[in-house]
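Just query.cif here, mmCIF, N, CA, C and O atoms:
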data_final
loop_
_atom_site.label_atom_id
_atom_site.label_comp_id
_atom_site.auth_asym_id
_atom_site.auth_seq_id
_atom_site.Cartn_x
_atom_site.Cartn_y
_atom_site.Cartn_z
N MET A 17 -7.88 48.37 -50.76
CA MET A 17 -7.15 49.50 -50.22
C MET A 17 -6.77 50.48 -51.33
O MET A 17 -6.97 51.68 -51.19
N GLU A 18 -6.24 49.96 -52.43
CA GLU A 18 -5.85 50.82 -53.55
C GLU A 18 -7.06 51.54 -54.14
O GLU A 18 -6.97 52.72 -54.49
N ILE A 19 -8.18 50.84 -54.22
CA ILE A 19 -9.40 51.46 -54.77
C ILE A 19 -9.84 52.60 -53.86
O ILE A 19 -10.18 53.68 -54.34
N THR A 20 -9.80 52.38 -52.56
CA THR A 20 -10.19 53.41 -51.61
C THR A 20 -9.28 54.63 -51.74
O THR A 20 -9.75 55.77 -51.77
N LYS A 21 -7.98 54.39 -51.86
CA LYS A 21 -7.02 55.49 -52.02
C LYS A 21 -7.31 56.27 -53.30
O LYS A 21 -7.31 57.50 -53.30
N ASN A 22 -7.56 55.55 -54.39
CA ASN A 22 -7.86 56.21 -55.66
C ASN A 22 -9.15 57.02 -55.59
O ASN A 22 -9.21 58.14 -56.09
N LEU A 23 -10.17 56.45 -54.97
CA LEU A 23 -11.43 57.18 -54.83
C LEU A 23 -11.26 58.43 -53.97
O LEU A 23 -11.83 59.49 -54.28
N GLN A 24 -10.47 58.33 -52.92
CA GLN A 24 -10.22 59.50 -52.08
C GLN A 24 -9.47 60.58 -52.86
O GLN A 24 -9.76 61.77 -52.72
N THR A 25 -8.52 60.17 -53.69
CA THR A 25 -7.78 61.13 -54.51
C THR A 25 -8.72 61.81 -55.49
O THR A 25 -8.65 63.03 -55.68
N ILE A 26 -9.59 61.04 -56.11
CA ILE A 26 -10.56 61.62 -57.05
C ILE A 26 -11.49 62.58 -56.33
O ILE A 26 -11.76 63.69 -56.82
N GLU A 27 -11.96 62.19 -55.15
CA GLU A 27 -12.84 63.08 -54.37
C GLU A 27 -12.13 64.38 -54.01
O GLU A 27 -12.71 65.46 -54.12
N ARG A 28 -10.88 64.29 -53.57
CA ARG A 28 -10.11 65.50 -53.23
C ARG A 28 -9.92 66.37 -54.46
O ARG A 28 -10.02 67.60 -54.39
N SER A 29 -9.65 65.74 -55.59
CA SER A 29 -9.44 66.50 -56.82
C SER A 29 -10.71 67.22 -57.24
O SER A 29 -10.67 68.40 -57.61
N LEU A 30 -11.83 66.53 -57.19
CA LEU A 30 -13.10 67.17 -57.54
C LEU A 30 -13.44 68.31 -56.59
O LEU A 30 -13.91 69.37 -57.02
N LYS A 31 -13.17 68.11 -55.32
CA LYS A 31 -13.42 69.17 -54.33
C LYS A 31 -12.53 70.38 -54.63
O LYS A 31 -13.00 71.52 -54.59
N ALA A 32 -11.26 70.13 -54.95
CA ALA A 32 -10.34 71.23 -55.26
C ALA A 32 -10.79 71.99 -56.50
O ALA A 32 -10.72 73.22 -56.54
N ILE A 33 -11.29 71.26 -57.49
CA ILE A 33 -11.76 71.91 -58.71
C ILE A 33 -13.00 72.75 -58.43
O ILE A 33 -13.11 73.89 -58.90
N LYS A 34 -13.93 72.22 -57.65
CA LYS A 34 -15.14 72.98 -57.31
C LYS A 34 -14.79 74.24 -56.51
O LYS A 34 -15.34 75.31 -56.75
N GLU A 35 -13.87 74.11 -55.56
CA GLU A 35 -13.45 75.27 -54.77
C GLU A 35 -12.76 76.30 -55.66
O GLU A 35 -12.98 77.50 -55.50
N ALA A 36 -11.95 75.83 -56.58
CA ALA A 36 -11.25 76.73 -57.50
C ALA A 36 -12.25 77.48 -58.38
O ALA A 36 -12.11 78.68 -58.61
N GLU A 37 -13.25 76.76 -58.86
CA GLU A 37 -14.28 77.40 -59.69
C GLU A 37 -15.00 78.49 -58.89
O GLU A 37 -15.21 79.60 -59.39
N PHE A 38 -15.32 78.19 -57.64
CA PHE A 38 -15.99 79.17 -56.78
C PHE A 38 -15.11 80.40 -56.58
O PHE A 38 -15.57 81.54 -56.68
N ARG A 39 -13.81 80.18 -56.33
CA ARG A 39 -12.89 81.29 -56.10
C ARG A 39 -12.71 82.14 -57.35
O ARG A 39 -12.65 83.38 -57.27
N ILE A 40 -12.65 81.49 -58.51
CA ILE A 40 -12.52 82.26 -59.76
C ILE A 40 -13.78 83.10 -59.99
O ILE A 40 -13.70 84.27 -60.36
N ASN A 41 -14.95 82.51 -59.77
CA ASN A 41 -16.19 83.26 -59.93
C ASN A 41 -16.26 84.44 -58.95
O ASN A 41 -16.71 85.54 -59.32
N LYS A 42 -15.81 84.22 -57.73
CA LYS A 42 -15.80 85.29 -56.74
C LYS A 42 -14.83 86.40 -57.17
O LYS A 42 -15.16 87.58 -57.07
N LEU A 43 -13.66 86.00 -57.66
CA LEU A 43 -12.70 87.00 -58.16
C LEU A 43 -13.29 87.79 -59.32
O LEU A 43 -13.13 89.01 -59.41
N TRP A 44 -13.94 87.08 -60.23
CA TRP A 44 -14.51 87.75 -61.39
C TRP A 44 -15.59 88.75 -60.95
O TRP A 44 -15.69 89.85 -61.50
N GLY A 45 -16.38 88.35 -59.96
CA GLY A 45 -17.39 89.27 -59.44
C GLY A 45 -16.78 90.54 -58.89
O GLY A 45 -17.27 91.65 -59.14
N LYS A 46 -15.69 90.40 -58.16
CA LYS A 46 -14.99 91.57 -57.62
C LYS A 46 -14.40 92.41 -58.74
O LYS A 46 -14.42 93.64 -58.69
N THR A 47 -13.85 91.73 -59.75
CA THR A 47 -13.23 92.46 -60.86
C THR A 47 -14.27 93.22 -61.67
O THR A 47 -14.08 94.39 -62.01
N SER A 48 -15.37 92.55 -61.97
CA SER A 48 -16.40 93.20 -62.80
C SER A 48 -17.10 94.33 -62.07
O SER A 48 -17.61 95.25 -62.71
N SER A 49 -17.10 94.29 -60.75
CA SER A 49 -17.72 95.39 -60.00
C SER A 49 -16.72 96.50 -59.68
O SER A 49 -17.08 97.49 -59.05
N GLY A 50 -15.48 96.32 -60.12
CA GLY A 50 -14.47 97.36 -59.92
C GLY A 50 -13.76 97.28 -58.58
O GLY A 50 -12.96 98.16 -58.25
N LYS A 51 -14.03 96.26 -57.79
CA LYS A 51 -13.39 96.13 -56.48
C LYS A 51 -12.02 95.47 -56.55
O LYS A 51 -11.30 95.45 -55.56
N LEU A 52 -11.67 94.93 -57.71
CA LEU A 52 -10.38 94.27 -57.87
C LEU A 52 -9.82 94.64 -59.23
O LEU A 52 -10.53 94.62 -60.24
N ASP A 53 -8.55 94.97 -59.25
CA ASP A 53 -7.88 95.33 -60.49
C ASP A 53 -7.76 94.11 -61.40
O ASP A 53 -7.56 92.99 -60.94
N ASN A 54 -7.86 94.35 -62.71
CA ASN A 54 -7.77 93.26 -63.68
C ASN A 54 -6.46 92.48 -63.57
O ASN A 54 -6.45 91.26 -63.73
N SER A 55 -5.37 93.18 -63.31
CA SER A 55 -4.08 92.49 -63.22
C SER A 55 -4.05 91.53 -62.02
O SER A 55 -3.49 90.44 -62.11
N LEU A 56 -4.67 91.93 -60.92
CA LEU A 56 -4.76 91.03 -59.76
C LEU A 56 -5.63 89.82 -60.08
O LEU A 56 -5.33 88.71 -59.65
N TYR A 57 -6.68 90.05 -60.83
CA TYR A 57 -7.54 88.93 -61.26
C TYR A 57 -6.73 87.93 -62.09
O TYR A 57 -6.82 86.73 -61.86
N ILE A 58 -5.94 88.45 -63.00
CA ILE A 58 -5.15 87.58 -63.87
C ILE A 58 -4.15 86.76 -63.04
O ILE A 58 -4.01 85.56 -63.22
N ILE A 59 -3.48 87.42 -62.11
CA ILE A 59 -2.49 86.73 -61.27
C ILE A 59 -3.16 85.66 -60.42
O ILE A 59 -2.72 84.51 -60.38
N GLU A 60 -4.21 86.02 -59.72
CA GLU A 60 -4.89 85.08 -58.84
C GLU A 60 -5.54 83.94 -59.61
O GLU A 60 -5.47 82.78 -59.20
N SER A 61 -6.18 84.26 -60.73
CA SER A 61 -6.83 83.19 -61.49
C SER A 61 -5.80 82.24 -62.10
O SER A 61 -6.06 81.05 -62.24
N SER A 62 -4.62 82.74 -62.42
CA SER A 62 -3.54 81.88 -62.92
C SER A 62 -3.10 80.90 -61.84
O SER A 62 -2.85 79.72 -62.12
N LYS A 63 -2.98 81.38 -60.62
CA LYS A 63 -2.63 80.50 -59.50
C LYS A 63 -3.70 79.41 -59.31
O LYS A 63 -3.38 78.25 -59.09
N ILE A 64 -4.94 79.82 -59.39
CA ILE A 64 -6.04 78.88 -59.21
C ILE A 64 -6.05 77.86 -60.34
O ILE A 64 -6.27 76.66 -60.12
N ARG A 65 -5.78 78.29 -61.56
CA ARG A 65 -5.73 77.36 -62.69
C ARG A 65 -4.63 76.32 -62.50
O ARG A 65 -4.78 75.17 -62.91
N GLU A 66 -3.52 76.71 -61.89
CA GLU A 66 -2.45 75.75 -61.60
C GLU A 66 -2.93 74.69 -60.61
O GLU A 66 -2.59 73.52 -60.73
N GLU A 67 -3.72 75.10 -59.64
CA GLU A 67 -4.30 74.15 -58.69
C GLU A 67 -5.20 73.16 -59.42
O GLU A 67 -5.20 71.96 -59.12
N ILE A 68 -5.97 73.67 -60.37
CA ILE A 68 -6.87 72.81 -61.15
C ILE A 68 -6.04 71.82 -61.97
O ILE A 68 -6.37 70.63 -62.03
N LYS A 69 -4.96 72.29 -62.58
CA LYS A 69 -4.10 71.40 -63.37
C LYS A 69 -3.53 70.28 -62.51
O LYS A 69 -3.46 69.13 -62.95
N LYS A 70 -3.12 70.60 -61.28
CA LYS A 70 -2.59 69.57 -60.37
C LYS A 70 -3.67 68.54 -60.03
O LYS A 70 -3.40 67.34 -59.98
N ALA A 71 -4.87 69.02 -59.78
CA ALA A 71 -5.97 68.11 -59.45
C ALA A 71 -6.27 67.20 -60.63
O ALA A 71 -6.47 65.99 -60.46
N LEU A 72 -6.29 67.75 -61.82
CA LEU A 72 -6.55 66.94 -63.01
C LEU A 72 -5.42 65.96 -63.29
O LEU A 72 -5.66 64.83 -63.72
N ALA A 73 -4.20 66.36 -62.99
CA ALA A 73 -3.06 65.46 -63.17
C ALA A 73 -3.17 64.26 -62.24
O ALA A 73 -2.83 63.13 -62.63
N ALA A 74 -3.64 64.48 -61.03
CA ALA A 74 -3.82 63.37 -60.09
C ALA A 74 -4.86 62.38 -60.61
O ALA A 74 -4.67 61.16 -60.54
N VAL A 75 -5.93 62.90 -61.17
CA VAL A 75 -6.97 62.04 -61.74
C VAL A 75 -6.44 61.30 -62.97
O VAL A 75 -6.69 60.11 -63.15
N ASP A 76 -5.69 61.99 -63.81
CA ASP A 76 -5.09 61.36 -64.99
C ASP A 76 -4.15 60.23 -64.60
O ASP A 76 -4.10 59.19 -65.27
N ALA A 77 -3.40 60.41 -63.52
CA ALA A 77 -2.48 59.36 -63.06
C ALA A 77 -3.27 58.12 -62.64
O ALA A 77 -2.87 56.99 -62.93
N ILE A 78 -4.39 58.34 -61.99
CA ILE A 78 -5.23 57.20 -61.58
C ILE A 78 -5.81 56.52 -62.81
O ILE A 78 -5.85 55.29 -62.89
N LYS A 79 -6.26 57.31 -63.77
CA LYS A 79 -6.79 56.73 -65.01
C LYS A 79 -5.75 55.86 -65.70
O LYS A 79 -6.05 54.76 -66.15
N ALA A 80 -4.52 56.35 -65.76
CA ALA A 80 -3.44 55.59 -66.40
C ALA A 80 -3.16 54.30 -65.64
O ALA A 80 -2.96 53.23 -66.25
N GLU A 81 -3.17 54.39 -64.33
CA GLU A 81 -2.94 53.22 -63.48
C GLU A 81 -4.04 52.17 -63.70
O GLU A 81 -3.77 50.98 -63.83
N GLU A 82 -5.28 52.63 -63.75
CA GLU A 82 -6.41 51.72 -63.95
C GLU A 82 -6.39 51.11 -65.35
O GLU A 82 -6.69 49.93 -65.53
N PHE A 83 -6.02 51.90 -66.34
CA PHE A 83 -5.94 51.41 -67.71
C PHE A 83 -4.87 50.33 -67.82
O PHE A 83 -5.08 49.29 -68.45
N LYS A 84 -3.74 50.56 -67.17
CA LYS A 84 -2.66 49.57 -67.17
C LYS A 84 -3.13 48.28 -66.50
O LYS A 84 -2.89 47.19 -67.01
N PHE A 85 -3.83 48.41 -65.39
CA PHE A 85 -4.35 47.24 -64.69
C PHE A 85 -5.30 46.45 -65.59
O PHE A 85 -5.23 45.23 -65.67
N LEU A 86 -6.19 47.16 -66.27
CA LEU A 86 -7.13 46.49 -67.18
C LEU A 86 -6.39 45.76 -68.29
O LEU A 86 -6.71 44.60 -68.60
N ASN A 87 -5.43 46.43 -68.89
CA ASN A 87 -4.69 45.81 -69.99
C ASN A 87 -3.90 44.58 -69.55
O ASN A 87 -3.79 43.62 -70.29
N GLU A 88 -3.34 44.65 -68.35
CA GLU A 88 -2.49 43.56 -67.89
C GLU A 88 -3.26 42.42 -67.25
O GLU A 88 -2.79 41.28 -67.24
N ASN A 89 -4.43 42.69 -66.70
CA ASN A 89 -5.14 41.69 -65.91
C ASN A 89 -6.50 41.28 -66.48
O ASN A 89 -6.79 40.10 -66.58
N ILE A 90 -7.30 42.25 -66.80
CA ILE A 90 -8.67 41.97 -67.19
C ILE A 90 -8.78 41.54 -68.65
O ILE A 90 -9.43 40.54 -68.98
N LEU A 91 -8.15 42.30 -69.55
CA LEU A 91 -8.26 41.98 -70.99
C LEU A 91 -7.76 40.58 -71.33
O LEU A 91 -8.43 39.86 -72.10
N PRO A 92 -6.63 40.12 -70.78
CA PRO A 92 -6.22 38.75 -71.07
C PRO A 92 -7.24 37.71 -70.63
O PRO A 92 -7.48 36.72 -71.33
N LEU A 93 -7.87 37.95 -69.49
CA LEU A 93 -8.90 37.02 -69.02
C LEU A 93 -10.12 37.02 -69.94
O LEU A 93 -10.68 35.96 -70.24
N LEU A 94 -10.51 38.20 -70.39
CA LEU A 94 -11.64 38.29 -71.31
C LEU A 94 -11.33 37.59 -72.63
O LEU A 94 -12.18 36.86 -73.18
N CYS A 95 -10.12 37.80 -73.13
CA CYS A 95 -9.72 37.15 -74.39
C CYS A 95 -9.70 35.63 -74.23
O CYS A 95 -10.10 34.90 -75.13
N GLU A 96 -9.26 35.18 -73.08
CA GLU A 96 -9.25 33.75 -72.81
C GLU A 96 -10.68 33.20 -72.78
O GLU A 96 -10.95 32.13 -73.31
N GLN A 97 -11.57 33.96 -72.20
CA GLN A 97 -12.98 33.54 -72.09
C GLN A 97 -13.63 33.42 -73.46
O GLN A 97 -14.43 32.52 -73.70
N ILE A 98 -13.30 34.33 -74.37
CA ILE A 98 -13.94 34.29 -75.70
C ILE A 98 -13.11 33.50 -76.69
O ILE A 98 -13.51 33.34 -77.84
N GLY A 99 -11.95 33.02 -76.26
CA GLY A 99 -11.15 32.14 -77.10
C GLY A 99 -10.35 32.83 -78.19
O GLY A 99 -10.25 32.32 -79.30
N THR A 100 -9.78 33.97 -77.86
CA THR A 100 -8.97 34.68 -78.84
C THR A 100 -7.69 35.20 -78.17
O THR A 100 -7.66 35.41 -76.96
N ASP A 101 -6.65 35.36 -78.96
CA ASP A 101 -5.42 35.95 -78.48
C ASP A 101 -5.29 37.40 -78.90
O ASP A 101 -4.33 38.08 -78.57
N ASP A 102 -6.26 37.89 -79.66
CA ASP A 102 -6.23 39.24 -80.20
C ASP A 102 -6.75 40.24 -79.17
O ASP A 102 -7.96 40.32 -78.92
N LEU A 103 -5.83 40.98 -78.54
CA LEU A 103 -6.25 42.00 -77.57
C LEU A 103 -6.73 43.24 -78.26
O LEU A 103 -7.37 44.06 -77.78
#
Let me see the structure of the file written as structure tokens.
Amino acid sequence: MEITKNLQTIERSLKAIKEAEFRINKLWGKTSSGKLDNSLYIIESSKIREEIKKALAAVDAIKAEEFKFLNENILPLLCEQIGTDDL
């Protein structure tokens, strides 16, 4: 269940990042063709970058959770298997 939740979060984050990239490119196209003022581009792209940061933060939280799980559960078992206490 936890793995499924984490994978869904990663999928949502990747989708949000791809959508944000598309929106920034679309904004840039409007700006470079003169259809959008540079200041509006800066404001909108800043908002989109915040969305990207949130998506990346969600993925980072999962990475930290998985790293903790590995350190607490998997590494001790591996060390036991190879006969060492040195993690």
As a check of understanding: the span from atom O of A:Glu35 to atom O of A:Ile19 is 24.0 Å
Item to complete: Output the residue selection produced by the PyMOL selection byres (((chain A and resi 39-44 and name CA) around 10) and name CA) on the file above, formatted as a list of chain:residue names.
Response: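 Taken on the displayed file, the PyMOL selection byres (((chain A and resi 39-44 and name CA) around 10) and name CA) yields the residues A:Ile33, A:Lys34, A:Glu35, A:Ala36, A:Glu37, A:Phe38, A:Gly45, A:Lys46, A:Thr47, A:Ser48, A:Ser49, A:Gly50, A:Lys51, A:Leu52, A:Asp53, A:Asn54, A:Leu56, A:Tyr57, A:Ile58, A:Glu60, A:Ser61, A:Ser62, A:Ile64, A:Arg65.
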Selection from above, N, CA, C and O atoms, as a JSON list (two decimals), in the coordinates of the input, can you write it?
[["chain", "number", "residue", "atom", "x", "y", "z"],
["A", 33, "ILE", "N", -11.29, 71.26, -57.49],
["A", 33, "ILE", "CA", -11.76, 71.91, -58.71],
["A", 33, "ILE", "C", -13.00, 72.75, -58.43],
["A", 33, "ILE", "O", -13.11, 73.89, -58.90],
["A", 34, "LYS", "N", -13.93, 72.22, -57.65],
["A", 34, "LYS", "CA", -15.14, 72.98, -57.31],
["A", 34, "LYS", "C", -14.79, 74.24, -56.51],
["A", 34, "LYS", "O", -15.34, 75.31, -56.75],
["A", 35, "GLU", "N", -13.87, 74.11, -55.56],
["A", 35, "GLU", "CA", -13.45, 75.27, -54.77],
["A", 35, "GLU", "C", -12.76, 76.30, -55.66],
["A", 35, "GLU", "O", -12.98, 77.50, -55.50],
["A", 36, "ALA", "N", -11.95, 75.83, -56.58],
["A", 36, "ALA", "CA", -11.25, 76.73, -57.50],
["A", 36, "ALA", "C", -12.25, 77.48, -58.38],
["A", 36, "ALA", "O", -12.11, 78.68, -58.61],
["A", 37, "GLU", "N", -13.25, 76.76, -58.86],
["A", 37, "GLU", "CA", -14.28, 77.40, -59.69],
["A", 37, "GLU", "C", -15.00, 78.49, -58.89],
["A", 37, "GLU", "O", -15.21, 79.60, -59.39],
["A", 38, "PHE", "N", -15.32, 78.19, -57.64],
["A", 38, "PHE", "CA", -15.99, 79.17, -56.78],
["A", 38, "PHE", "C", -15.11, 80.40, -56.58],
["A", 38, "PHE", "O", -15.57, 81.54, -56.68],
["A", 45, "GLY", "N", -16.38, 88.35, -59.96],
["A", 45, "GLY", "CA", -17.39, 89.27, -59.44],
["A", 45, "GLY", "C", -16.78, 90.54, -58.89],
["A", 45, "GLY", "O", -17.27, 91.65, -59.14],
["A", 46, "LYS", "N", -15.69, 90.40, -58.16],
["A", 46, "LYS", "CA", -14.99, 91.57, -57.62],
["A", 46, "LYS", "C", -14.40, 92.41, -58.74],
["A", 46, "LYS", "O", -14.42, 93.64, -58.69],
["A", 47, "THR", "N", -13.85, 91.73, -59.75],
["A", 47, "THR", "CA", -13.23, 92.46, -60.86],
["A", 47, "THR", "C", -14.27, 93.22, -61.67],
["A", 47, "THR", "O", -14.08, 94.39, -62.01],
["A", 48, "SER", "N", -15.37, 92.55, -61.97],
["A", 48, "SER", "CA", -16.40, 93.20, -62.80],
["A", 48, "SER", "C", -17.10, 94.33, -62.07],
["A", 48, "SER", "O", -17.61, 95.25, -62.71],
["A", 49, "SER", "N", -17.10, 94.29, -60.75],
["A", 49, "SER", "CA", -17.72, 95.39, -60.00],
["A", 49, "SER", "C", -16.72, 96.50, -59.68],
["A", 49, "SER", "O", -17.08, 97.49, -59.05],
["A", 50, "GLY", "N", -15.48, 96.32, -60.12],
["A", 50, "GLY", "CA", -14.47, 97.36, -59.92],
["A", 50, "GLY", "C", -13.76, 97.28, -58.58],
["A", 50, "GLY", "O", -12.96, 98.16, -58.25],
["A", 51, "LYS", "N", -14.03, 96.26, -57.79],
["A", 51, "LYS", "CA", -13.39, 96.13, -56.48],
["A", 51, "LYS", "C", -12.02, 95.47, -56.55],
["A", 51, "LYS", "O", -11.30, 95.45, -55.56],
["A", 52, "LEU", "N", -11.67, 94.93, -57.71],
["A", 52, "LEU", "CA", -10.38, 94.27, -57.87],
["A", 52, "LEU", "C", -9.82, 94.64, -59.23],
["A", 52, "LEU", "O", -10.53, 94.62, -60.24],
["A", 53, "ASP", "N", -8.55, 94.97, -59.25],
["A", 53, "ASP", "CA", -7.88, 95.33, -60.49],
["A", 53, "ASP", "C", -7.76, 94.11, -61.40],
["A", 53, "ASP", "O", -7.56, 92.99, -60.94],
["A", 54, "ASN", "N", -7.86, 94.35, -62.71],
["A", 54, "ASN", "CA", -7.77, 93.26, -63.68],
["A", 54, "ASN", "C", -6.46, 92.48, -63.57],
["A", 54, "ASN", "O", -6.45, 91.26, -63.73],
["A", 56, "LEU", "N", -4.67, 91.93, -60.92],
["A", 56, "LEU", "CA", -4.76, 91.03, -59.76],
["A", 56, "LEU", "C", -5.63, 89.82, -60.08],
["A", 56, "LEU", "O", -5.33, 88.71, -59.65],
["A", 57, "TYR", "N", -6.68, 90.05, -60.83],
["A", 57, "TYR", "CA", -7.54, 88.93, -61.26],
["A", 57, "TYR", "C", -6.73, 87.93, -62.09],
["A", 57, "TYR", "O", -6.82, 86.73, -61.86],
["A", 58, "ILE", "N", -5.94, 88.45, -63.00],
["A", 58, "ILE", "CA", -5.15, 87.58, -63.87],
["A", 58, "ILE", "C", -4.15, 86.76, -63.04],
["A", 58, "ILE", "O", -4.01, 85.56, -63.22],
["A", 60, "GLU", "N", -4.21, 86.02, -59.72],
["A", 60, "GLU", "CA", -4.89, 85.08, -58.84],
["A", 60, "GLU", "C", -5.54, 83.94, -59.61],
["A", 60, "GLU", "O", -5.47, 82.78, -59.20],
["A", 61, "SER", "N", -6.18, 84.26, -60.73],
["A", 61, "SER", "CA", -6.83, 83.19, -61.49],
["A", 61, "SER", "C", -5.80, 82.24, -62.10],
["A", 61, "SER", "O", -6.06, 81.05, -62.24],
["A", 62, "SER", "N", -4.62, 82.74, -62.42],
["A", 62, "SER", "CA", -3.54, 81.88, -62.92],
["A", 62, "SER", "C", -3.10, 80.90, -61.84],
["A", 62, "SER", "O", -2.85, 79.72, -62.12],
["A", 64, "ILE", "N", -4.94, 79.82, -59.39],
["A", 64, "ILE", "CA", -6.04, 78.88, -59.21],
["A", 64, "ILE", "C", -6.05, 77.86, -60.34],
["A", 64, "ILE", "O", -6.27, 76.66, -60.12],
["A", 65, "ARG", "N", -5.78, 78.29, -61.56],
["A", 65, "ARG", "CA", -5.73, 77.36, -62.69],
["A", 65, "ARG", "C", -4.63, 76.32, -62.50],
["A", 65, "ARG", "O", -4.78, 75.17, -62.91]]
Query - Å distance separating atom O of A:Glu88 from atom CA of A:Glu27, one decimal place - result: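 A separation of 27.2 Å between them.
Going from atom C of A:Cys95 over to atom O of A:Phe83, you cover 15.5 Å.
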- Which residues in chain A does DSSP call alpha helix (DSSP H)? List them as a PyMOL selection string. chain A and resi 18-48+54-85+91-98
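Once the PyMOL selection byres ((chain A and resi 68-74) around 7) is applied to this file, the selection holds A:Thr25, A:Ile26, A:Arg28, A:Ser29, A:Leu30, A:Ala32, A:Ile33, A:Ala36, A:Lys63, A:Ile64, A:Arg65, A:Glu66, A:Glu67, A:Val75, A:Asp76, A:Ala77, A:Ile78, A:Lys79.
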Will you model all heavy atoms for stretch 34-40 of chain A and pass it back as an mmCIF file, in the frame of the given file?
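File part_8.cif, as written:
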data_model
loop_
_atom_site.group_PDB
_atom_site.id
_atom_site.type_symbol
_atom_site.label_atom_id
_atom_site.label_comp_id
_atom_site.auth_asym_id
_atom_site.auth_seq_id
_atom_site.Cartn_x
_atom_site.Cartn_y
_atom_site.Cartn_z
ATOM 1 N N LYS A 34 -13.930 72.220 -57.650
ATOM 2 C CA LYS A 34 -15.140 72.980 -57.310
ATOM 3 C C LYS A 34 -14.790 74.240 -56.510
ATOM 4 O O LYS A 34 -15.340 75.310 -56.750
ATOM 5 C CB LYS A 34 -16.108 72.112 -56.509
ATOM 6 C CG LYS A 34 -16.825 71.085 -57.348
ATOM 7 C CD LYS A 34 -17.766 70.250 -56.510
ATOM 8 C CE LYS A 34 -18.411 69.170 -57.349
ATOM 9 N NZ LYS A 34 -19.313 68.314 -56.565
ATOM 10 N N GLU A 35 -13.870 74.110 -55.560
ATOM 11 C CA GLU A 35 -13.450 75.270 -54.770
ATOM 12 C C GLU A 35 -12.760 76.300 -55.660
ATOM 13 O O GLU A 35 -12.980 77.500 -55.500
ATOM 14 C CB GLU A 35 -12.517 74.828 -53.645
ATOM 15 C CG GLU A 35 -13.222 74.092 -52.530
ATOM 16 C CD GLU A 35 -12.261 73.527 -51.483
ATOM 17 O OE1 GLU A 35 -11.027 73.690 -51.630
ATOM 18 O OE2 GLU A 35 -12.755 72.922 -50.524
ATOM 19 N N ALA A 36 -11.950 75.830 -56.580
ATOM 20 C CA ALA A 36 -11.250 76.730 -57.500
ATOM 21 C C ALA A 36 -12.250 77.480 -58.380
ATOM 22 O O ALA A 36 -12.110 78.680 -58.610
ATOM 23 C CB ALA A 36 -10.254 75.958 -58.353
ATOM 24 N N GLU A 37 -13.250 76.760 -58.860
ATOM 25 C CA GLU A 37 -14.280 77.400 -59.690
ATOM 26 C C GLU A 37 -15.000 78.490 -58.890
ATOM 27 O O GLU A 37 -15.210 79.600 -59.390
ATOM 28 C CB GLU A 37 -15.276 76.354 -60.174
ATOM 29 C CG GLU A 37 -16.379 76.928 -61.031
ATOM 30 C CD GLU A 37 -17.411 75.891 -61.436
ATOM 31 O OE1 GLU A 37 -17.592 74.898 -60.723
ATOM 32 O OE2 GLU A 37 -18.045 76.096 -62.475
ATOM 33 N N PHE A 38 -15.320 78.190 -57.640
ATOM 34 C CA PHE A 38 -15.990 79.170 -56.780
ATOM 35 C C PHE A 38 -15.110 80.400 -56.580
ATOM 36 O O PHE A 38 -15.570 81.540 -56.680
ATOM 37 C CB PHE A 38 -16.335 78.526 -55.430
ATOM 38 C CG PHE A 38 -16.876 79.495 -54.429
ATOM 39 C CD1 PHE A 38 -18.190 79.922 -54.497
ATOM 40 C CD2 PHE A 38 -16.066 80.000 -53.414
ATOM 41 C CE1 PHE A 38 -18.702 80.836 -53.570
ATOM 42 C CE2 PHE A 38 -16.552 80.905 -52.497
ATOM 43 C CZ PHE A 38 -17.871 81.321 -52.571
ATOM 44 N N ARG A 39 -13.810 80.180 -56.330
ATOM 45 C CA ARG A 39 -12.890 81.290 -56.100
ATOM 46 C C ARG A 39 -12.710 82.140 -57.350
ATOM 47 O O ARG A 39 -12.650 83.380 -57.270
ATOM 48 C CB ARG A 39 -11.554 80.765 -55.595
ATOM 49 C CG ARG A 39 -11.670 80.253 -54.174
ATOM 50 C CD ARG A 39 -10.460 79.532 -53.619
ATOM 51 N NE ARG A 39 -9.182 79.999 -54.051
ATOM 52 C CZ ARG A 39 -8.150 79.175 -54.281
ATOM 53 N NH1 ARG A 39 -8.277 77.871 -54.133
ATOM 54 N NH2 ARG A 39 -6.985 79.667 -54.648
ATOM 55 N N ILE A 40 -12.650 81.490 -58.510
ATOM 56 C CA ILE A 40 -12.520 82.260 -59.760
ATOM 57 C C ILE A 40 -13.780 83.100 -59.990
ATOM 58 O O ILE A 40 -13.700 84.270 -60.360
ATOM 59 C CB ILE A 40 -12.238 81.339 -60.955
ATOM 60 C CG1 ILE A 40 -10.780 80.854 -60.903
ATOM 61 C CG2 ILE A 40 -12.496 82.048 -62.279
ATOM 62 C CD1 ILE A 40 -10.409 79.860 -61.964
#
